[in-house]
>>> print(open('start.txt').read())   # compact mmCIF, C-alpha atoms
# COMPACT_ATOMS: atom_id res chain seq x y z
CA MET A 1 126.23 64.36 84.53
CA SER A 2 126.74 68.05 84.54
CA LEU A 3 124.36 70.32 86.35
CA MET A 4 123.62 72.29 83.17
CA LYS A 5 122.76 69.12 81.29
CA ARG A 6 120.56 67.75 84.05
CA MET A 7 118.57 70.95 84.18
CA SER A 8 117.93 70.92 80.46
CA LEU A 9 116.80 67.27 80.61
CA ILE A 10 114.40 68.11 83.40
CA PHE A 11 112.90 70.89 81.30
CA ARG A 12 112.62 68.55 78.34
CA SER A 13 110.82 65.85 80.27
CA LYS A 14 108.41 68.46 81.62
CA ALA A 15 107.79 69.68 78.10
CA SER A 16 107.10 66.23 76.70
CA LYS A 17 104.74 65.50 79.58
CA ALA A 18 102.79 68.59 78.62
CA LEU A 19 102.46 67.28 75.08
CA ASP A 20 100.27 64.59 73.43
CA ARG A 21 96.98 65.60 74.88
CA ALA A 22 94.83 65.56 71.78
CA GLU A 23 94.08 62.78 69.34
CA ASP A 24 94.89 64.92 66.36
CA PRO A 25 98.36 66.32 67.10
CA ARG A 26 97.42 69.48 65.28
CA GLU A 27 94.90 70.20 67.98
CA THR A 28 97.64 70.22 70.57
CA LEU A 29 99.03 73.22 68.74
CA ASP A 30 95.90 75.22 69.45
CA TYR A 31 95.75 73.91 72.96
CA SER A 32 99.32 74.94 73.62
CA TYR A 33 98.79 78.32 71.99
CA GLN A 34 95.91 78.90 74.37
CA ARG A 35 98.14 78.15 77.31
CA GLN A 36 100.80 80.47 75.94
CA ILE A 37 98.31 83.32 75.73
CA GLU A 38 97.21 82.61 79.29
CA LEU A 39 100.78 82.61 80.51
CA LEU A 40 101.45 85.84 78.66
CA SER A 41 98.62 87.61 80.44
CA LYS A 42 99.78 86.10 83.73
CA VAL A 43 103.25 87.56 83.21
CA ARG A 44 101.74 90.95 82.42
CA ARG A 45 99.69 90.80 85.59
CA GLY A 46 102.89 89.86 87.38
CA VAL A 47 104.64 92.95 86.04
CA ALA A 48 101.73 95.13 87.20
CA ASP A 49 101.73 93.53 90.67
CA VAL A 50 105.43 94.07 91.15
CA ALA A 51 105.07 97.67 89.98
CA THR A 52 102.31 98.25 92.53
CA SER A 53 104.47 96.88 95.31
CA ARG A 54 107.39 98.99 94.19
CA LYS A 55 105.26 102.13 94.24
CA ARG A 56 104.00 101.32 97.70
CA VAL A 57 107.54 100.92 99.00
CA GLU A 58 108.54 104.16 97.28
CA LEU A 59 105.67 105.96 98.97
CA GLN A 60 106.71 104.61 102.35
CA ALA A 61 110.31 105.60 101.75
CA ASN A 62 109.17 109.14 100.91
CA GLN A 63 107.11 109.32 104.07
CA LEU A 64 110.00 108.17 106.19
CA GLU A 65 112.34 110.56 104.44
CA GLN A 66 110.05 113.47 105.21
CA ARG A 67 109.86 112.44 108.83
CA SER A 68 113.56 112.06 108.98
CA GLN A 69 114.03 115.54 107.52
CA LYS A 70 111.52 116.95 109.97
CA LEU A 71 113.38 115.44 112.90
CA HIS A 72 116.59 116.89 111.54
CA ASP A 73 114.99 120.34 111.37
CA GLN A 74 113.65 119.92 114.87
CA ALA A 75 117.10 119.03 116.15
CA GLN A 76 118.53 122.10 114.51
CA LYS A 77 115.83 124.31 115.96
CA ALA A 78 116.23 122.79 119.40
CA LEU A 79 119.96 123.32 119.26
CA SER A 80 119.59 126.93 118.21
CA MET A 81 117.43 127.40 121.28
CA GLY A 82 120.06 125.85 123.45
CA ARG A 83 118.07 122.69 124.13
CA GLU A 84 120.63 120.00 123.46
CA ASP A 85 118.47 117.40 125.25
CA LEU A 86 115.61 117.94 122.80
CA ALA A 87 117.99 117.94 119.85
CA ARG A 88 119.44 114.67 121.07
CA GLU A 89 115.97 113.18 121.39
CA ALA A 90 115.06 114.23 117.85
CA LEU A 91 118.29 112.82 116.43
CA THR A 92 117.81 109.56 118.31
CA ARG A 93 114.40 109.15 116.72
CA LYS A 94 115.87 110.07 113.38
CA SER A 95 118.51 107.38 113.66
CA GLY A 96 115.74 104.91 114.39
CA LEU A 97 114.29 105.73 111.00
CA THR A 98 117.56 105.40 109.14
CA GLY A 99 117.62 101.61 109.35
CA GLN A 100 114.03 101.34 108.15
CA LEU A 101 114.76 103.73 105.35
CA SER A 102 117.77 101.87 104.00
CA ASP A 103 115.80 98.64 104.24
CA LEU A 104 113.05 100.20 102.16
CA LYS A 105 115.56 101.50 99.63
CA ALA A 106 116.99 98.02 99.25
CA GLN A 107 113.51 96.58 98.75
CA GLN A 108 112.73 99.26 96.24
CA ALA A 109 115.83 98.41 94.23
CA GLN A 110 115.04 94.71 94.38
CA LEU A 111 111.46 95.22 93.21
CA GLN A 112 112.70 97.46 90.43
CA GLY A 113 115.00 94.66 89.34
CA GLU A 114 112.18 92.12 89.41
CA GLU A 115 109.98 94.45 87.43
CA GLU A 116 112.61 94.90 84.73
CA LYS A 117 113.30 91.18 84.55
CA LEU A 118 109.62 90.30 84.23
CA THR A 119 109.07 93.01 81.64
CA LEU A 120 111.85 91.54 79.52
CA ALA A 121 110.52 88.03 80.09
CA SER A 122 107.10 89.11 78.90
CA GLN A 123 108.63 90.68 75.77
CA ARG A 124 110.57 87.51 75.01
CA LEU A 125 107.54 85.32 75.57
CA GLN A 126 105.39 87.52 73.39
CA ALA A 127 107.88 87.31 70.52
CA LYS A 128 108.02 83.54 70.88
CA VAL A 129 104.26 83.16 71.08
CA GLU A 130 103.88 85.15 67.87
CA SER A 131 106.54 83.07 66.22
CA PHE A 132 104.79 79.91 67.42
CA ARG A 133 101.44 81.10 66.07
CA THR A 134 102.90 81.58 62.59
CA ARG A 135 104.48 78.17 62.67
CA LYS A 136 101.28 76.60 63.99
CA GLU A 137 99.25 77.98 61.10
CA THR A 138 101.84 76.79 58.60
CA ILE A 139 101.85 73.30 60.09
CA LYS A 140 98.08 73.08 60.13
CA ALA A 141 97.86 74.23 56.53
CA THR A 142 100.68 72.08 55.21
CA TYR A 143 100.70 68.74 56.97
CA THR A 144 98.30 65.90 57.61
CA ALA A 145 97.81 64.71 61.15
CA ALA A 146 100.26 61.88 60.59
CA GLU A 147 102.95 64.09 59.12
CA ALA A 148 102.52 66.91 61.57
CA GLN A 149 103.97 65.27 64.69
CA THR A 150 107.68 65.90 64.07
CA LYS A 151 107.08 69.47 63.05
CA ILE A 152 104.92 69.98 66.09
CA ASN A 153 107.55 68.57 68.39
CA GLU A 154 110.06 71.01 66.96
CA ALA A 155 107.76 73.95 67.40
CA PHE A 156 106.86 72.85 70.89
CA SER A 157 110.26 72.24 72.35
CA GLY A 158 111.43 75.83 72.27
CA ILE A 159 108.21 77.38 73.45
CA SER A 160 107.69 74.83 76.22
CA GLU A 161 111.09 75.58 77.61
CA GLU A 162 110.35 79.28 77.51
CA MET A 163 107.02 78.71 79.22
CA GLY A 164 108.68 76.72 81.96
CA ASP A 165 111.25 79.46 82.43
CA VAL A 166 108.73 82.30 82.43
CA GLY A 167 106.30 80.41 84.65
CA MET A 168 109.10 79.99 87.14
CA ALA A 169 110.14 83.63 86.91
CA VAL A 170 106.59 84.77 87.65
CA GLN A 171 106.38 82.39 90.59
CA ARG A 172 109.64 83.65 92.05
CA ALA A 173 108.62 87.27 91.57
CA GLU A 174 105.32 86.57 93.30
CA ASP A 175 107.07 84.93 96.23
CA LYS A 176 109.50 87.79 96.63
CA THR A 177 106.77 90.39 96.31
CA ALA A 178 104.63 88.58 98.88
CA GLN A 179 107.49 88.65 101.38
CA MET A 180 108.03 92.34 100.83
CA GLN A 181 104.34 93.11 101.03
CA ALA A 182 104.21 91.52 104.43
CA ARG A 183 107.04 93.80 105.54
CA ALA A 184 105.47 96.81 103.85
CA GLY A 185 102.22 96.06 105.66
CA ALA A 186 104.07 96.02 108.96
CA ILE A 187 105.67 99.38 108.20
CA ASP A 188 102.32 100.85 107.17
CA GLU A 189 100.93 99.74 110.50
CA LEU A 190 103.85 101.28 112.35
CA ILE A 191 103.45 104.53 110.46
CA SER A 192 99.71 104.74 111.09
CA SER A 193 100.03 103.75 114.74
CA GLY A 194 102.65 106.43 115.25
CA ALA A 195 104.90 103.97 117.06
CA LEU A 196 107.58 104.22 114.43
CA ASP A 197 108.01 107.91 114.87
CA ASP A 198 105.97 109.55 117.53
CA ALA A 199 107.97 112.69 116.99
CA SER A 200 106.17 113.51 113.78
CA SER A 201 102.87 111.85 114.38
CA ILE A 202 100.88 114.48 112.60
CA ASN A 203 97.52 114.13 114.26
CA ARG A 204 98.52 115.18 117.69
CA GLY A 205 101.57 117.22 117.03
CA ASP A 206 104.43 115.54 118.83
CA ASP A 207 106.11 116.28 122.10
CA ILE A 208 109.25 117.77 120.56
CA THR A 209 107.22 120.05 118.33
CA ARG A 210 105.00 121.09 121.22
CA GLU A 211 107.97 121.92 123.37
CA LEU A 212 109.73 123.78 120.58
CA ASP A 213 106.53 125.66 119.78
CA ALA A 214 106.02 126.61 123.37
CA MET A 215 109.58 127.84 123.55
CA SER A 216 109.41 129.76 120.32
CA SER A 217 106.06 131.31 121.26
CA GLN A 218 107.69 132.43 124.43
CA SER A 219 110.70 133.80 122.66
CA ASP A 220 108.50 135.41 120.01
CA VAL A 221 106.63 137.20 122.74
CA GLU A 222 109.88 138.28 124.29
CA SER A 223 111.33 139.53 121.05
CA GLU A 224 108.10 141.31 120.16
CA LEU A 225 108.10 142.90 123.54
CA ALA A 226 111.66 143.95 123.06
CA ALA A 227 110.81 145.31 119.64
CA LEU A 228 107.87 147.27 121.01
CA LYS A 229 109.99 148.60 123.82
CA ALA A 230 112.56 149.72 121.31
CA GLY A 231 109.70 151.47 119.47
CA SER A 232 110.25 149.64 116.25
CA GLY A 233 107.20 147.54 115.22
CA ALA A 234 108.57 146.93 111.72
CA ASP A 235 111.13 144.46 112.95
CA GLN A 236 108.92 141.37 113.02
CA PRO A 237 110.43 138.15 114.32
CA GLU A 238 111.29 135.72 111.61
CA ALA A 239 109.02 132.97 112.93
CA ILE A 240 105.81 134.83 112.06
CA GLU A 241 105.69 134.27 108.37
CA SER A 242 102.00 134.03 107.69
CA GLY A 243 100.87 136.71 109.99
CA ASP A 244 99.05 139.92 109.70
CA ALA A 245 97.08 139.01 112.84
CA SER A 246 97.82 140.59 116.13
CA SER A 247 98.63 137.58 118.28
CA PRO A 248 101.95 136.04 117.30
CA ALA A 249 101.81 133.37 119.99
CA GLU A 250 98.51 131.98 118.72
CA LEU A 251 99.58 132.23 115.14
CA GLN A 252 102.64 130.22 115.81
CA ALA A 253 100.57 127.34 117.15
CA GLU A 254 97.95 127.46 114.37
CA PRO A 255 99.82 126.21 111.31
CA LYS A 256 100.80 123.03 113.15
CA LYS A 257 97.19 122.20 113.89
CA GLU A 258 96.15 122.83 110.32
CA GLU A 259 98.90 120.59 109.11
CA GLY A 260 97.54 117.88 111.36
CA GLN A 261 94.02 118.15 110.07
CA ALA A 262 95.00 117.98 106.45
CA MET B 263 125.35 75.07 71.39
CA ILE B 264 122.34 76.80 72.91
CA VAL B 265 122.56 77.74 76.58
CA ARG B 266 119.67 79.16 78.58
CA ILE B 267 120.11 81.22 81.71
CA LEU B 268 116.79 80.99 83.48
CA ALA B 269 114.94 84.29 83.76
CA GLU B 270 117.42 85.88 81.34
CA GLY B 271 117.31 84.28 77.93
CA GLN B 272 119.30 82.10 75.57
CA TRP B 273 122.81 82.32 74.15
CA ASP B 274 124.52 80.56 71.31
CA VAL B 275 127.91 79.51 72.66
CA ALA B 276 130.69 78.09 70.49
CA GLU B 277 131.90 74.58 71.37
CA ASP B 278 135.42 75.71 72.21
CA HIS B 279 134.17 77.54 75.28
CA LEU B 280 132.71 74.35 76.64
CA THR B 281 135.80 73.31 78.61
CA GLU B 282 135.68 76.47 80.67
CA LEU B 283 131.92 76.20 81.19
CA ASN B 284 132.26 72.57 82.27
CA ARG B 285 134.98 73.44 84.74
CA LEU B 286 132.78 76.09 86.37
CA ASP B 287 129.80 73.77 86.20
CA ALA B 288 131.72 71.10 88.14
CA GLU B 289 132.72 73.67 90.75
CA LEU B 290 129.12 74.76 91.04
CA GLU B 291 127.99 71.19 91.61
CA ALA B 292 130.63 70.72 94.28
CA ALA B 293 129.47 73.89 96.01
CA ILE B 294 125.90 72.58 96.04
CA GLU B 295 126.99 69.27 97.50
CA ALA B 296 129.05 71.03 100.14
CA ASP B 297 126.14 73.36 100.85
CA ASP B 298 128.60 76.22 100.41
CA GLU B 299 126.37 79.20 99.62
CA ALA B 300 129.24 81.70 99.21
CA THR B 301 131.23 79.60 96.74
CA PHE B 302 128.00 78.74 94.97
CA ALA B 303 127.17 82.42 94.47
CA THR B 304 130.58 83.43 93.14
CA THR B 305 130.86 80.36 90.90
CA LEU B 306 127.36 80.82 89.52
CA ALA B 307 128.14 84.47 88.76
CA ALA B 308 131.36 83.43 86.97
CA LEU B 309 129.57 80.71 85.00
CA LEU B 310 126.77 83.00 83.89
CA ASP B 311 129.26 85.70 82.96
CA ALA B 312 131.20 83.20 80.88
CA VAL B 313 128.02 82.34 78.98
CA ARG B 314 127.04 85.97 78.50
CA THR B 315 130.44 87.05 77.26
CA SER B 316 131.34 84.04 75.12
CA GLY B 317 127.93 83.59 73.51
CA THR B 318 125.63 85.59 71.28
CA VAL B 319 122.08 86.29 72.38
CA LEU B 320 119.35 84.46 70.50
CA ALA B 321 116.60 86.54 68.94
CA ASP B 322 113.49 86.88 71.10
CA ASP B 323 111.30 85.06 68.59
CA SER B 324 113.60 82.06 68.27
CA LEU B 325 111.98 78.75 69.20
CA GLU B 326 115.17 76.81 69.71
CA GLU B 327 115.52 74.31 72.47
CA SER B 328 118.50 74.69 74.79
CA ASP B 329 121.23 72.09 75.16
CA LEU B 330 122.19 73.39 78.56
CA ILE B 331 120.17 75.27 81.16
CA LEU B 332 121.53 77.32 84.01
CA PRO B 333 119.88 78.60 87.19
CA PRO B 334 118.85 82.26 87.46
CA ALA B 335 121.53 84.69 88.64
CA ASP B 336 119.97 85.15 92.08
CA ALA B 337 119.34 81.47 92.76
CA THR B 338 120.24 79.88 96.08
CA VAL B 339 121.63 76.41 96.73
CA ASP B 340 118.24 75.26 97.98
CA GLU B 341 116.46 76.54 94.92
CA VAL B 342 118.80 74.70 92.58
CA ARG B 343 118.35 71.52 94.60
CA GLU B 344 114.61 71.92 94.21
CA LEU B 345 114.98 72.48 90.47
CA LEU B 346 116.98 69.28 90.18
CA ASN B 347 114.33 67.41 92.13
CA ASP B 348 112.09 67.67 89.12
CA ASP B 349 108.92 68.38 91.06
CA GLY B 350 110.19 71.72 92.26
CA LEU B 351 109.87 75.14 90.75
CA ILE B 352 109.12 74.34 87.15
CA PRO B 353 105.40 74.46 86.58
CA GLY B 354 103.89 71.94 84.23
>>> encode(input="start.txt", output="structure tokens")
Amino acid sequence: MSLMKRMSLIFRSKASKALDRAEDPRETLDYSYQRQIELLSKVRRGVADVATSRKRVELQANQLEQRSQKLHDQAQKALSMGREDLAREALTRKSGLTGQLSDLKAQQAQLQGEEEKLTLASQRLQAKVESFRTRKETIKATYTAAEAQTKINEAFSGISEEMGDVGMAVQRAEDKTAQMQARAGAIDELISSGALDDASSINRGDDITRELDAMSSQSDVESELAALKAGSGADQPEAIESGDASSPAELQAEPKKEEGQA
Amino acid sequence: MIVRILAEGQWDVAEDHLTELNRLDAELEAAIEADDEATFATTLAALLDAVRTSGTVLADDSLEESDLILPPADATVDEVRELLNDDGLIPG
């Protein structure tokens, strides 16, 4: 027998197993409706869960992107100071992030897809549940218990199939999300431990930044000196952006610390 | 004839498209038996596309039962095997 046919028979047998639970068949309508409402709220919770996971992954991707950009800037700065070794180090760390980043982007896209699918599934189920409710009320008002059975079977078959489908979709989405959350948790740990990217570990200020800062402080001092010697104080070095204070070397180190404390 | 693609919805497909669907269905079954994940994926995609393009989508509030049911687009060979085992993924 064809695969398509076998699958539909399996769904049908599941559906009929779920039926016939009350003495008065009309009661099974209410019973089933209850289950439909439960499933509907489960799907909605599923949508919210997937959205939460997606946002978490997005946040992580943004963090990594910022770090990646920072390393790029550091490399540029190092190179402009003639420190190819430092630039190389920064770019090496940056390339370490690239793999993680594209992995996160892929996860993000996948979660987005799951979210859209579940949202549509919840819309379809809702429409069917409403349609079922109308039919249920009609059946209860129109038929005796004995007459109702055929009508009930008709109403049931479509909704049971949908419930099987949606129940499965929620399960699959949960499984996928759980896998990704485990990975997201691992990345969170890496980010907070600083192991992933020591170069921009904000609390301590990293080694590349420290070295670049030391160098630029030095060169700021030199250029200031040169400026003073030339008798032109107006020509402030570009690096001192925030400063009206008198010590450019200290100032240069300050903003980094503040950034770390924030 | 009503065809459901799991996780996607239902389509009403005219009988004269059935030959093509059955051909792809047979290929899909062979791929599952051969445990050939690549062929399975391309055949499943072709089969689902055939349903989507040859059929018309049923209204969301329709309560019609499907004559044929197909695995979701991102299904794997193992998942379909589980589905066919009856006690697999379908809750109930």
>>> atom_distance(input="start.txt", atom1="atom CA of A:Ile37", atom2="atom CA of A:Ala51")
21.3 Å
>>> atom_distance(input="start.txt", atom1="atom CA of B:Glu299", atom2="atom CA of A:Met7")
19.2 Å
>>> residues_around(input="start.txt", residues="stretch 180-194 of chain A", least_positions_apart="5", cutoff="12 Å", atoms="all atoms listed in the file", output="PDB file with C-alpha atoms, in the coordinates of the input")
ATOM      1  CA  ASP A  49     101.730  93.530  90.670  1.00  0.00           C
ATOM      2  CA  VAL A  50     105.430  94.070  91.150  1.00  0.00           C
ATOM      3  CA  ALA A  51     105.070  97.670  89.980  1.00  0.00           C
ATOM      4  CA  THR A  52     102.310  98.250  92.530  1.00  0.00           C
ATOM      5  CA  SER A  53     104.470  96.880  95.310  1.00  0.00           C
ATOM      6  CA  ARG A  54     107.390  98.990  94.190  1.00  0.00           C
ATOM      7  CA  LYS A  55     105.260 102.130  94.240  1.00  0.00           C
ATOM      8  CA  ARG A  56     104.000 101.320  97.700  1.00  0.00           C
ATOM      9  CA  VAL A  57     107.540 100.920  99.000  1.00  0.00           C
ATOM     10  CA  GLU A  58     108.540 104.160  97.280  1.00  0.00           C
ATOM     11  CA  LEU A  59     105.670 105.960  98.970  1.00  0.00           C
ATOM     12  CA  GLN A  60     106.710 104.610 102.350  1.00  0.00           C
ATOM     13  CA  ALA A  61     110.310 105.600 101.750  1.00  0.00           C
ATOM     14  CA  GLN A  63     107.110 109.320 104.070  1.00  0.00           C
ATOM     15  CA  LEU A  64     110.000 108.170 106.190  1.00  0.00           C
ATOM     16  CA  ARG A  67     109.860 112.440 108.830  1.00  0.00           C
ATOM     17  CA  LEU A  97     114.290 105.730 111.000  1.00  0.00           C
ATOM     18  CA  GLN A 100     114.030 101.340 108.150  1.00  0.00           C
ATOM     19  CA  LEU A 101     114.760 103.730 105.350  1.00  0.00           C
ATOM     20  CA  ASP A 103     115.800  98.640 104.240  1.00  0.00           C
ATOM     21  CA  LEU A 104     113.050 100.200 102.160  1.00  0.00           C
ATOM     22  CA  LYS A 105     115.560 101.500  99.630  1.00  0.00           C
ATOM     23  CA  ALA A 106     116.990  98.020  99.250  1.00  0.00           C
ATOM     24  CA  GLN A 107     113.510  96.580  98.750  1.00  0.00           C
ATOM     25  CA  GLN A 108     112.730  99.260  96.240  1.00  0.00           C
ATOM     26  CA  ALA A 109     115.830  98.410  94.230  1.00  0.00           C
ATOM     27  CA  GLN A 110     115.040  94.710  94.380  1.00  0.00           C
ATOM     28  CA  LEU A 111     111.460  95.220  93.210  1.00  0.00           C
ATOM     29  CA  ALA A 173     108.620  87.270  91.570  1.00  0.00           C
ATOM     30  CA  GLU A 174     105.320  86.570  93.300  1.00  0.00           C
ATOM     31  CA  ASP A 175     107.070  84.930  96.230  1.00  0.00           C
ATOM     32  CA  ALA A 199     107.970 112.690 116.990  1.00  0.00           C
ATOM     33  CA  SER A 200     106.170 113.510 113.780  1.00  0.00           C
ATOM     34  CA  SER A 201     102.870 111.850 114.380  1.00  0.00           C
ATOM     35  CA  ILE A 202     100.880 114.480 112.600  1.00  0.00           C
ATOM     36  CA  ASN A 203      97.520 114.130 114.260  1.00  0.00           C
ATOM     37  CA  ARG A 204      98.520 115.180 117.690  1.00  0.00           C
ATOM     38  CA  GLY A 205     101.570 117.220 117.030  1.00  0.00           C
ATOM     39  CA  ASP A 206     104.430 115.540 118.830  1.00  0.00           C
TER      40      ASP A 206
END
>>> interface_residues(input="start.txt", of="chain B", to="chain A", cutoff="8 Å", atoms="only C-alpha atoms", output="short mmCIF file (atom, residue, chain, number, x, y, z; two decimals) with C-alpha atoms, in the coordinates of the input")
data_model
loop_
_atom_site.label_atom_id
_atom_site.label_comp_id
_atom_site.auth_asym_id
_atom_site.auth_seq_id
_atom_site.Cartn_x
_atom_site.Cartn_y
_atom_site.Cartn_z
CA LEU B 268 116.79 80.99 83.48
CA ALA B 269 114.94 84.29 83.76
CA GLU B 270 117.42 85.88 81.34
CA ASN B 284 132.26 72.57 82.27
CA ASP B 287 129.80 73.77 86.20
CA ALA B 288 131.72 71.10 88.14
CA GLU B 291 127.99 71.19 91.61
CA ASP B 322 113.49 86.88 71.10
CA ASP B 323 111.30 85.06 68.59
CA SER B 324 113.60 82.06 68.27
CA LEU B 325 111.98 78.75 69.20
CA GLU B 326 115.17 76.81 69.71
CA GLU B 327 115.52 74.31 72.47
CA SER B 328 118.50 74.69 74.79
CA ASP B 329 121.23 72.09 75.16
CA LEU B 330 122.19 73.39 78.56
CA ILE B 331 120.17 75.27 81.16
CA LEU B 332 121.53 77.32 84.01
CA LEU B 345 114.98 72.48 90.47
CA LEU B 346 116.98 69.28 90.18
CA ASP B 348 112.09 67.67 89.12
CA LEU B 351 109.87 75.14 90.75
CA ILE B 352 109.12 74.34 87.15
CA PRO B 353 105.40 74.46 86.58
CA GLY B 354 103.89 71.94 84.23
#
>>> axis_aligned_box(input="start.txt", around="stretch 105-123 of chain A", padding_each_side="5 Å", output="lines of an AutoDock Vina configuration file")
center_x = 112.0
center_y = 94.8
center_z = 87.7
size_x = 19.9
size_y = 23.5
size_z = 33.9
>>> atom_distance(input="start.txt", atom1="atom CA of B:Leu283", atom2="atom CA of B:Leu309")
6.4 Å
>>> residues_around(input="start.txt", residues="stretch 313-319 of chain B", least_positions_apart="5", cutoff="9 Å", atoms="only C-alpha atoms", output="list in words")
Ile264, Val265, Arg266, Ile267, Gly271, Gln272, Trp273, Asp274, Val275, Ala276, His279, Leu283 and Ala308 of chain B
>>> closest_residue(input="start.txt", among="A:Arg26, A:Arg133, A:Lys94, A:Arg83", to="A:Ile152", atoms="only C-alpha atoms")
A:Arg26
>>> closest_residue(input="start.txt", among="B:Glu289, B:Ala303, B:Thr281, B:Ala321", to="B:Asp340", atoms="only C-alpha atoms")
B:Ala303
